[in-house]
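Next comes work19.txt, a file with compact mmCIF, C-alpha atoms and all ligand atoms.
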# COMPACT_ATOMS: atom_id res chain seq x y z
CA MET A 118 -25.34 19.48 12.94
CA ALA A 119 -25.76 20.64 9.33
CA VAL A 120 -22.06 21.53 9.20
CA ALA A 121 -21.08 18.08 10.51
CA GLN A 122 -23.30 16.38 7.92
CA GLU A 123 -21.86 18.56 5.13
CA LYS A 124 -18.32 17.70 6.28
CA GLU A 125 -19.19 13.99 6.23
CA LYS A 126 -20.54 14.30 2.69
CA THR A 127 -17.37 15.97 1.40
CA ARG A 128 -14.86 13.77 3.23
CA ARG A 129 -12.68 11.73 0.89
CA VAL A 130 -12.96 7.95 1.02
CA ALA A 131 -9.65 6.07 1.11
CA LEU A 132 -9.31 2.31 0.58
CA ILE A 133 -6.03 0.85 1.80
CA THR A 134 -5.19 -2.80 1.10
CA GLY A 135 -3.16 -4.51 3.81
CA GLY A 136 -4.03 -1.62 6.10
CA THR A 137 -3.95 -3.38 9.45
CA ARG A 138 -0.18 -3.64 9.92
CA GLY A 139 3.10 -1.88 9.22
CA ILE A 140 3.20 0.64 6.40
CA GLY A 141 -0.48 0.15 5.48
CA GLN A 142 -1.58 0.91 9.03
CA ALA A 143 0.54 4.08 9.08
CA ILE A 144 -0.91 5.15 5.71
CA ALA A 145 -4.42 4.64 7.10
CA ARG A 146 -3.57 6.71 10.19
CA SER A 147 -2.11 9.50 8.08
CA LEU A 148 -5.11 9.62 5.75
CA ALA A 149 -7.45 9.61 8.78
CA ARG A 150 -5.53 12.59 10.13
CA ASP A 151 -6.21 14.30 6.78
CA GLY A 152 -9.92 13.69 7.34
CA CYS A 153 -10.48 10.72 5.01
CA ASP A 154 -13.07 8.08 5.83
CA LEU A 155 -11.24 4.77 5.77
CA VAL A 156 -11.85 1.39 4.21
CA ILE A 157 -9.19 -0.92 5.57
CA ASN A 158 -8.60 -4.26 3.90
CA TYR A 159 -6.68 -7.15 5.45
CA LYS A 160 -6.28 -10.89 5.12
CA GLU A 161 -5.36 -12.62 8.38
CA THR A 162 -5.33 -9.99 11.12
CA SER A 163 -7.11 -11.23 14.26
CA LYS A 164 -10.55 -10.02 15.35
CA GLU A 165 -9.04 -8.62 18.56
CA GLU A 166 -6.57 -6.50 16.61
CA VAL A 167 -9.26 -5.31 14.18
CA ASP A 168 -11.46 -4.33 17.17
CA ARG A 169 -8.54 -2.40 18.67
CA LEU A 170 -7.98 -0.56 15.38
CA LYS A 171 -11.71 0.23 15.13
CA ASP A 172 -11.56 1.85 18.57
CA GLU A 173 -8.52 3.85 17.52
CA ALA A 174 -10.29 5.05 14.34
CA ASP A 175 -13.31 6.16 16.41
CA THR A 176 -11.07 8.53 18.34
CA CYS A 177 -9.94 10.15 15.03
CA GLY A 178 -13.48 11.30 14.19
CA VAL A 179 -13.58 9.54 10.81
CA SER A 180 -15.40 6.36 9.87
CA ALA A 181 -13.45 3.14 9.39
CA LEU A 182 -14.80 0.08 7.63
CA PHE A 183 -12.65 -3.05 7.97
CA ILE A 184 -13.03 -5.68 5.25
CA ARG A 185 -11.32 -9.05 5.27
CA ALA A 186 -10.49 -9.95 1.67
CA ASP A 187 -7.61 -11.86 0.14
CA VAL A 188 -6.50 -9.67 -2.79
CA THR A 189 -5.47 -12.79 -4.72
CA LYS A 190 -9.11 -13.96 -4.85
CA ARG A 191 -11.46 -12.42 -7.41
CA ALA A 192 -14.64 -13.21 -5.47
CA ALA A 193 -13.19 -11.63 -2.32
CA ILE A 194 -12.24 -8.45 -4.21
CA GLU A 195 -15.71 -8.25 -5.77
CA ARG A 196 -17.37 -8.68 -2.38
CA MET A 197 -15.17 -5.93 -0.92
CA VAL A 198 -16.05 -3.55 -3.77
CA ARG A 199 -19.79 -4.29 -3.34
CA ILE A 200 -19.57 -3.42 0.37
CA VAL A 201 -17.70 -0.17 -0.35
CA LYS A 202 -20.18 0.78 -3.07
CA GLU A 203 -23.11 0.27 -0.72
CA ARG A 204 -21.50 2.17 2.13
CA HIS A 205 -19.79 5.07 0.33
CA GLY A 206 -20.73 4.95 -3.36
CA ARG A 207 -17.24 6.06 -4.40
CA VAL A 208 -13.52 5.82 -3.65
CA ASP A 209 -11.30 8.94 -3.82
CA VAL A 210 -8.00 7.32 -2.86
CA LEU A 211 -6.93 3.72 -3.47
CA VAL A 212 -3.66 2.62 -1.89
CA ASN A 213 -2.47 -0.79 -3.11
CA ASN A 214 -0.22 -1.66 -0.21
CA ALA A 215 -0.84 -5.38 0.52
CA GLY A 216 2.31 -7.33 -0.12
CA ILE A 217 4.30 -10.43 0.80
CA LEU A 218 8.00 -11.22 0.87
CA VAL A 219 9.36 -14.78 1.08
CA LYS A 220 13.08 -14.96 0.42
CA GLN A 221 14.41 -17.35 -2.21
CA PRO A 222 17.46 -16.92 -4.45
CA PHE A 223 16.89 -17.56 -8.17
CA ARG A 224 19.04 -20.73 -8.14
CA LYS A 225 16.58 -22.30 -5.69
CA LEU A 226 13.46 -20.65 -7.12
CA THR A 227 10.23 -22.64 -6.91
CA GLU A 228 7.24 -21.98 -9.13
CA LYS A 229 5.16 -21.44 -5.98
CA ASN A 230 7.45 -18.70 -4.67
CA PHE A 231 7.25 -16.87 -7.99
CA ASP A 232 3.48 -17.33 -8.40
CA ASP A 233 2.73 -16.22 -4.82
CA HIS A 234 4.60 -12.93 -5.23
CA ILE A 235 3.03 -12.20 -8.59
CA ALA A 236 -0.45 -13.11 -7.28
CA THR A 237 -0.34 -10.77 -4.27
CA ASN A 238 2.08 -7.97 -5.10
CA LEU A 239 1.28 -7.54 -8.79
CA LYS A 240 -1.94 -9.23 -9.91
CA GLY A 241 -3.68 -8.45 -6.60
CA ALA A 242 -2.86 -4.73 -6.94
CA VAL A 243 -3.93 -4.68 -10.59
CA MET A 244 -7.20 -6.55 -10.03
CA VAL A 245 -8.17 -4.47 -6.99
CA THR A 246 -7.62 -1.35 -9.11
CA ARG A 247 -9.62 -2.83 -12.00
CA LYS A 248 -12.58 -3.65 -9.75
CA VAL A 249 -12.44 -0.36 -7.80
CA LEU A 250 -12.18 1.73 -10.99
CA PRO A 251 -15.94 2.41 -11.34
CA LEU A 252 -15.91 3.81 -7.77
CA LEU A 253 -12.78 5.91 -8.46
CA GLU A 254 -14.53 7.32 -11.51
CA ARG A 255 -17.30 8.61 -9.27
CA ALA A 256 -14.84 10.72 -7.25
CA PRO A 257 -14.10 14.31 -8.31
CA LYS A 258 -10.39 13.40 -8.60
CA GLY A 259 -9.38 9.76 -8.11
CA LYS A 260 -5.93 8.91 -6.81
CA VAL A 261 -4.28 5.49 -7.07
CA ILE A 262 -1.03 4.87 -5.22
CA PHE A 263 0.95 1.65 -5.46
CA VAL A 264 3.40 0.67 -2.73
CA SER A 265 6.36 -0.61 -4.71
CA SER A 266 9.87 -1.08 -3.31
CA ALA A 267 13.44 0.10 -3.84
CA SER A 268 14.18 -3.52 -4.74
CA ALA A 269 12.25 -2.94 -7.99
CA HIS A 270 15.32 -0.97 -9.06
CA ASN A 271 18.25 -2.34 -7.11
CA TYR A 272 18.86 -5.11 -4.56
CA THR A 273 21.79 -7.02 -3.15
CA LYS A 274 22.43 -10.65 -4.14
CA GLU A 275 22.45 -11.60 -0.45
CA SER A 276 18.89 -10.38 0.02
CA GLU A 277 17.58 -13.32 -2.07
CA ILE A 278 14.41 -11.52 -3.08
CA PHE A 279 14.22 -12.28 -6.80
CA SER A 280 10.44 -12.94 -7.03
CA TYR A 281 9.61 -10.04 -4.74
CA ALA A 282 11.78 -7.61 -6.72
CA VAL A 283 10.32 -8.76 -10.04
CA SER A 284 6.76 -8.32 -8.77
CA LYS A 285 7.56 -4.80 -7.54
CA ALA A 286 9.45 -3.86 -10.73
CA ALA A 287 6.33 -4.68 -12.74
CA LEU A 288 4.40 -2.12 -10.68
CA GLY A 289 6.50 0.56 -12.41
CA GLY A 290 4.96 -0.45 -15.74
CA VAL A 291 1.53 -0.66 -14.14
CA THR A 292 1.92 2.88 -12.75
CA ARG A 293 2.96 4.38 -16.06
CA GLY A 294 0.39 2.40 -18.07
CA LEU A 295 -2.53 3.27 -15.81
CA ALA A 296 -1.45 6.90 -15.50
CA THR A 297 -1.65 7.07 -19.30
CA GLU A 298 -4.95 5.22 -19.60
CA LEU A 299 -6.77 6.93 -16.75
CA ALA A 300 -5.62 10.57 -17.16
CA PRO A 301 -6.80 13.23 -16.63
CA LYS A 302 -9.48 12.23 -14.13
CA ILE A 303 -7.52 9.64 -12.17
CA LEU A 304 -3.89 10.14 -11.16
CA VAL A 305 -1.64 7.14 -10.60
CA ASN A 306 1.70 7.11 -8.76
CA SER A 307 3.94 4.77 -6.79
CA VAL A 308 6.04 5.05 -3.69
CA ALA A 309 9.16 2.90 -3.47
CA PRO A 310 10.30 2.50 0.13
CA ALA A 311 13.31 0.67 1.48
CA TYR A 312 14.26 -0.33 4.97
CA ILE A 313 11.08 0.71 6.77
CA GLU A 314 10.89 -0.72 10.29
CA THR A 315 7.98 -3.21 10.07
CA ASP A 316 7.35 -6.92 10.74
CA MET A 317 8.19 -7.63 7.10
CA LEU A 318 11.61 -5.99 7.30
CA LEU A 319 12.63 -7.17 10.76
CA GLY A 320 11.36 -10.71 10.13
CA GLU A 321 13.52 -11.45 7.12
CA ALA A 322 17.03 -10.74 8.44
CA SER A 323 19.22 -11.19 11.52
CA ASP A 324 19.95 -8.31 13.93
CA GLU A 325 23.47 -8.22 12.50
CA GLU A 326 22.21 -7.89 8.92
CA ASN A 327 19.75 -5.20 10.01
CA GLU A 328 22.61 -3.17 11.52
CA ALA A 329 24.55 -3.56 8.24
CA ARG A 330 21.47 -2.39 6.33
CA LYS A 331 21.26 0.75 8.44
CA SER A 332 24.84 1.55 7.59
CA ARG A 333 23.95 1.19 3.87
CA THR A 334 21.58 4.17 4.12
CA MET A 335 23.04 7.67 4.06
CA LEU A 336 20.90 8.61 7.02
CA GLY A 337 22.18 5.66 9.09
CA ARG A 338 18.79 4.43 10.24
CA PHE A 339 15.64 2.58 9.17
CA GLY A 340 12.65 4.60 8.02
CA LYS A 341 9.41 4.82 9.96
CA SER A 342 6.09 3.66 8.54
CA GLU A 343 4.69 7.10 9.43
CA GLU A 344 7.19 8.69 7.03
CA VAL A 345 5.77 6.61 4.17
CA GLY A 346 2.28 7.51 5.42
CA ARG A 347 2.98 11.22 5.07
CA LEU A 348 4.34 10.76 1.53
CA VAL A 349 1.20 8.86 0.52
CA SER A 350 -0.94 11.56 2.18
CA TYR A 351 0.79 14.17 0.05
CA LEU A 352 0.23 12.23 -3.18
CA ALA A 353 -3.42 11.70 -2.21
CA SER A 354 -3.93 15.42 -1.55
CA SER A 355 -4.84 18.19 -3.97
CA SER A 356 -1.28 19.55 -3.54
CA ALA A 357 -0.18 16.70 -5.84
CA ASP A 358 -2.76 17.28 -8.58
CA PHE A 359 -0.05 17.86 -11.24
CA ILE A 360 1.74 14.58 -10.51
CA THR A 361 0.97 11.33 -12.30
CA GLY A 362 2.87 8.31 -13.60
CA GLN A 363 5.75 8.86 -11.15
CA THR A 364 7.61 6.78 -8.59
CA PHE A 365 8.72 8.43 -5.35
CA HIS A 366 11.71 6.90 -3.58
CA ILE A 367 11.77 6.94 0.22
CA ASN A 368 14.82 5.08 1.43
CA GLY A 369 17.11 7.29 3.53
CA GLY A 370 19.41 7.77 0.55
CA ARG A 371 20.12 4.09 -0.06
CA TYR A 372 19.27 4.42 -3.72
CA PHE A 373 18.80 7.47 -5.94
CA GLY A 374 16.04 6.16 -8.20
CA GLU A 375 15.69 5.88 -11.98
N1 LIG B 401 9.02 -2.71 5.23
C1 LIG B 401 9.80 -2.31 4.23
O1 LIG B 401 10.97 -1.97 4.42
C2 LIG B 401 9.25 -2.24 2.84
C3 LIG B 401 10.12 -1.80 1.83
C4 LIG B 401 9.64 -1.70 0.55
C5 LIG B 401 8.33 -2.01 0.26
N2 LIG B 401 7.50 -2.43 1.23
C6 LIG B 401 6.11 -2.75 0.84
O2 LIG B 401 5.21 -2.09 1.70
C7 LIG B 401 4.00 -2.85 1.79
C8 LIG B 401 3.68 -3.08 3.26
O3 LIG B 401 4.79 -3.77 3.83
P1 LIG B 401 5.00 -3.93 5.41
O4 LIG B 401 6.45 -3.91 5.65
O5 LIG B 401 4.10 -3.03 6.14
O6 LIG B 401 4.51 -5.45 5.53
P2 LIG B 401 3.74 -6.25 6.69
O7 LIG B 401 4.02 -5.63 8.01
O8 LIG B 401 4.08 -7.68 6.45
O9 LIG B 401 2.19 -6.00 6.30
C9 LIG B 401 1.66 -6.55 5.13
C10 LIG B 401 0.19 -6.22 5.03
O10 LIG B 401 -0.32 -6.79 3.80
C11 LIG B 401 -1.47 -7.57 4.09
N3 LIG B 401 -1.60 -8.66 3.13
C12 LIG B 401 -0.66 -9.58 2.77
N4 LIG B 401 -1.17 -10.43 1.85
C13 LIG B 401 -2.45 -10.03 1.63
C14 LIG B 401 -3.51 -10.50 0.79
N5 LIG B 401 -3.34 -11.57 -0.02
N6 LIG B 401 -4.69 -9.86 0.83
C15 LIG B 401 -4.88 -8.78 1.63
N7 LIG B 401 -3.93 -8.29 2.46
C16 LIG B 401 -2.73 -8.91 2.45
C17 LIG B 401 -1.29 -8.04 5.52
O11 LIG B 401 -2.56 -8.34 6.08
P3 LIG B 401 -2.75 -9.53 7.18
O12 LIG B 401 -1.77 -9.25 8.27
O13 LIG B 401 -4.17 -9.37 7.62
O14 LIG B 401 -2.47 -10.80 6.47
C18 LIG B 401 -0.64 -6.81 6.17
O15 LIG B 401 -1.64 -5.90 6.57
C19 LIG B 401 4.24 -4.14 1.02
O16 LIG B 401 3.70 -4.03 -0.29
C20 LIG B 401 5.76 -4.22 0.96
O17 LIG B 401 6.20 -4.96 -0.16
C21 LIG B 401 7.94 -2.58 2.52
Take the structure in this file and express it as C-alpha cells.
Ligand SMILES: NC(=O)c1ccc[n+]([C@@H]2O[C@H](COP(=O)([O-])OP(=O)(O)OC[C@H]3O[C@@H](n4cnc5c(N)ncnc54)[C@H](OP(=O)(O)O)[C@@H]3O)[C@@H](O)[C@H]2O)c1
Amino acid sequence: MAVAQEKEKTRRVALITGGTRGIGQAIARSLARDGCDLVINYKETSKEEVDRLKDEADTCGVSALFIRADVTKRAAIERMVRIVKERHGRVDVLVNNAGILVKQPFRKLTEKNFDDHIATNLKGAVMVTRKVLPLLERAPKGKVIFVSSASAHNYTKESEIFSYAVSKAALGGVTRGLATELAPKILVNSVAPAYIETDMLLGEASDEENEARKSRTMLGRFGKSEEVGRLVSYLASSSADFITGQTFHINGGRYFGE
C-alpha cells in the first residue's frame, strides 16, 4: 500500500491538448504506458467516446482526467488550469497537440481561415503554455512539446494549406524563444510530423492523392500515430534532458528538416 502511494506521488503528470483523437490520443497512450497520470483536453469529442477512453485509461493503472476546453478561449484555458492545479498541483509534461486544418489556397484566402488557424494552432498553444507555466515550474523538470508539422518547412502548392503551414512555422519561433526564456528548468521542443494516418490526414485528400503522398515518402507508407507517441515519450523522458529548443522531424523521409 505504502509503495503504491509513493509511486502515485512520484508519477509524472502529463497534459495533452487535443488528446482524444489521432496523434494526441496516441501520445496520451504512450505517456500512460510510461506511467504518467494523464490530463486529456478536448473540444468536441462526444461523452460516449470520452467514457470509452476513461475505461481504457483505467486498465492502464494511471489516472486520467478529461477536460473539455476550447484552447482558443481564455476562460476555458483558465478553468482547465484551475482544475489541474486542484487535482495535481503541478504539470511535468505539456503537449500542445490540438490543431485544425482547413484547406484554402492563398489566392482564395479568407480572413476567417487565417484567423482560425492562428487562433488554434499558434495562439492556443502559446496561451495554454502561458497559463500552465506556474504548474510546470512546480515540477522537478518541466517539459513542453509542441506538435508542429513538416508543412512548417515545406509543402506542395496542391496541398493548399497556406494558413495551416504559417501557423505551424511560427511554432518554430515559439519553441526556440521559450527554450531560451525557460531554460534550464523547463525544456521546450517540437515534433514535426507528416503523413500520419489520422482523421485529419485522411479527411483532406482523395484516396488517389493519399496513394501519391505515400509514394512521396522514402518509406512508401503513412506514419502511425503511435510512432509520434513514442517520439514524444522520449522527449518527455529524462533520457532527453540535454535537448531543448529543437524540432524533431518524423515523416518517413519526405523531408530532411532545417
Ligand atoms: N495527421 C498528420 O499527418 C499530421 C501531420 C503534421 C502535423 N499534425 C498535427 O498533429 C496534431 C494532431 O493532428 P491529428 O491528425 O491527430 O488531428 P485530428 O485527428 O483532427 O485531432 C485533432 C485534435 O485536436 C483537438 N482540437 C481541435 N481544435 C481544438 C480546440 N480549439 N481546443 C481543444 N482541442 C481541439 C480535437 O478535439 P475534438 O475532436 O474534441 O474537437 C482532436 O482531439 C495537430 O496539431 C496537427 O496539426 C498532424
Please identify every residue of chain A that has at least one atom no farther than 7 Å from an atom of ligand LIG 401 (chain B), counting all atoms listed in the file, and for each give the shortest atom pair and the distance in Å to one decimal, arranged by chain then increasing number, as a tab-separated table.
residue	atom	partner	partner_atom	distance
A:Thr134	CA	B:LIG401	N7	5.8
A:Gly135	CA	B:LIG401	O15	3.4
A:Gly136	CA	B:LIG401	O15	4.9
A:Thr137	CA	B:LIG401	O15	4.5
A:Arg138	CA	B:LIG401	O15	4.3
A:Gly139	CA	B:LIG401	O5	3.4
A:Ile140	CA	B:LIG401	O5	3.8
A:Gly141	CA	B:LIG401	O5	5.6
A:Asn158	CA	B:LIG401	C15	6.3
A:Tyr159	CA	B:LIG401	O13	4.0
A:Lys160	CA	B:LIG401	O13	3.6
A:Glu161	CA	B:LIG401	O13	3.5
A:Thr162	CA	B:LIG401	O13	3.7
A:Ala186	CA	B:LIG401	C15	5.7
A:Asp187	CA	B:LIG401	N6	3.6
A:Val188	CA	B:LIG401	N6	4.1
A:Thr189	CA	B:LIG401	N5	5.3
A:Asn214	CA	B:LIG401	O16	4.6
A:Ala215	CA	B:LIG401	O10	3.6
A:Gly216	CA	B:LIG401	O16	3.6
A:Ile217	CA	B:LIG401	C12	5.4
A:Leu218	CA	B:LIG401	O17	6.6
A:Thr237	CA	B:LIG401	N5	5.3
A:Asn238	CA	B:LIG401	O16	6.4
A:Val264	CA	B:LIG401	O16	5.3
A:Ser265	CA	B:LIG401	C5	5.5
A:Ser266	CA	B:LIG401	C4	3.9
A:Ala267	CA	B:LIG401	C4	6.1
A:Ala309	CA	B:LIG401	C4	6.1
A:Pro310	CA	B:LIG401	C4	4.3
A:Ala311	CA	B:LIG401	C3	4.0
A:Tyr312	CA	B:LIG401	O1	3.7
A:Ile313	CA	B:LIG401	O1	3.6
A:Glu314	CA	B:LIG401	N1	5.7
A:Thr315	CA	B:LIG401	O4	4.7
A:Asp316	CA	B:LIG401	O7	4.5
A:Met317	CA	B:LIG401	O8	4.2
A:Leu318	CA	B:LIG401	N1	4.7
Do a neighbour search on segment 359-373 of chain A at 9 Å with all atoms listed in the file, toss out local chain neighbours closer than 2 positions, and write the hits as a compact mmCIF listing (two decimals) with C-alpha atoms, in the coordinates of the input.
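Printed below is out08.txt as written:
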# COMPACT_ATOMS: atom_id res chain seq x y z
CA PHE A 263 0.95 1.65 -5.46
CA SER A 265 6.36 -0.61 -4.71
CA SER A 266 9.87 -1.08 -3.31
CA ALA A 267 13.44 0.10 -3.84
CA HIS A 270 15.32 -0.97 -9.06
CA ASN A 271 18.25 -2.34 -7.11
CA GLY A 289 6.50 0.56 -12.41
CA THR A 292 1.92 2.88 -12.75
CA ARG A 293 2.96 4.38 -16.06
CA GLY A 294 0.39 2.40 -18.07
CA LEU A 295 -2.53 3.27 -15.81
CA ALA A 296 -1.45 6.90 -15.50
CA THR A 297 -1.65 7.07 -19.30
CA ALA A 300 -5.62 10.57 -17.16
CA ILE A 303 -7.52 9.64 -12.17
CA LEU A 304 -3.89 10.14 -11.16
CA VAL A 305 -1.64 7.14 -10.60
CA ASN A 306 1.70 7.11 -8.76
CA SER A 307 3.94 4.77 -6.79
CA VAL A 308 6.04 5.05 -3.69
CA ALA A 309 9.16 2.90 -3.47
CA PRO A 310 10.30 2.50 0.13
CA ALA A 311 13.31 0.67 1.48
CA TYR A 312 14.26 -0.33 4.97
CA ILE A 313 11.08 0.71 6.77
CA ARG A 333 23.95 1.19 3.87
CA THR A 334 21.58 4.17 4.12
CA MET A 335 23.04 7.67 4.06
CA LEU A 336 20.90 8.61 7.02
CA GLY A 337 22.18 5.66 9.09
CA ARG A 338 18.79 4.43 10.24
CA PHE A 339 15.64 2.58 9.17
CA GLY A 340 12.65 4.60 8.02
CA GLU A 344 7.19 8.69 7.03
CA VAL A 345 5.77 6.61 4.17
CA LEU A 348 4.34 10.76 1.53
CA LEU A 352 0.23 12.23 -3.18
CA SER A 355 -4.84 18.19 -3.97
CA SER A 356 -1.28 19.55 -3.54
CA ALA A 357 -0.18 16.70 -5.84
CA GLU A 375 15.69 5.88 -11.98
Please report as a Markdown table every residue of segment 124-184 of chain A lying within 10 Å of segment 243-261 of chain A, along with the nearest atom pair and their distance in Å (one decimal), using only C-alpha atoms.
| residue | atom | partner | partner_atom | distance |
| --- | --- | --- | --- | --- |
| A:Arg129 | CA | A:Ala256 | CA | 8.5 |
| A:Val130 | CA | A:Ala256 | CA | 8.9 |
| A:Ala131 | CA | A:Lys260 | CA | 9.2 |
| A:Leu132 | CA | A:Val249 | CA | 9.3 |
| A:Thr134 | CA | A:Val245 | CA | 8.8 |
Print the selection's residues with C-alpha atoms to a file, as a CSV table (one decimal), in the coordinates of the input.
chain,number,residue,atom,x,y,z
A,129,ARG,CA,-12.7,11.7,0.9
A,130,VAL,CA,-13.0,8.0,1.0
A,131,ALA,CA,-9.6,6.1,1.1
A,132,LEU,CA,-9.3,2.3,0.6
A,134,THR,CA,-5.2,-2.8,1.1
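With all atoms listed in the file as the basis for measurement, A:Ile262 is the residue among A:Ile262, A:Val291, A:Leu226, A:Val283 that approaches Asp209 of chain A most closely.
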Please compute the atom CA of Ile157 of chain A-atom CA of Ser342 of chain A distance, one decimal, in Å.
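Value for the atom CA of Ile157 of chain A-atom CA of Ser342 of chain A distance: 16.2 Å.
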What is the atom CA of Glu173 of chain A to atom CA of Ile133 of chain A distance in Å?
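Answer for the atom CA of Glu173 of chain A to atom CA of Ile133 of chain A separation: 16.2 Å.
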Just give me the gap between atom CA of Ser280 of chain A and atom CA of Ser323 of chain A in Å, one decimal is fine.
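Interatomic distance here is 20.6 Å.
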List the spatial neighbours of Leu182 of chain A as a ChimeraX atom specification - criterion: any atom at most 9 Å away, all atoms listed in the file, same-chain residues fewer than 6 positions off excluded.
/A:154-158,171,201,204
Taking all atoms of segment 188-206 of chain A that the file lists and extending 4 Å past them on each side, where is the centre of the axis-aligned box and how long are its edges? Answer in Å to one decimal, as JSON.
{"center_x": -14.3, "center_y": -4.4, "center_z": -2.6, "size_x": 25.6, "size_y": 27.0, "size_z": 17.5}
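With distances restricted to all atoms listed in the file, A:Phe279 is the closest residue to Thr227 of chain A from A:Phe279, A:Cys153, A:Lys331, A:Arg128.
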Counting all atoms listed in the file, the residue among A:Gln221, A:Gly290, A:Ile194, A:Leu170 that lies closest to Gly241 of chain A is A:Ile194
Between A:Asn327, A:Ser284, A:Ser276, A:Asn213, which one has atoms that come closest to Asp232 of chain A, using all atoms listed in the file?
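The answer is A:Ser284, which sits nearest to Asp232 of chain A.
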Please list as a list in words every residue within 10 Å of Cys177 of chain A, counting all atoms listed in the file and excluding residues in the same chain fewer than 6 positions away.
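That gives Arg146, Ala149, Arg150, Asp151, Gly152 and Asp154 of chain A.
Closest approach to Lys341 of chain A from the set A:Ala143, A:Ser354, A:Ile184, A:Lys285 is made by A:Ala143, with distances taken over only C-alpha atoms.
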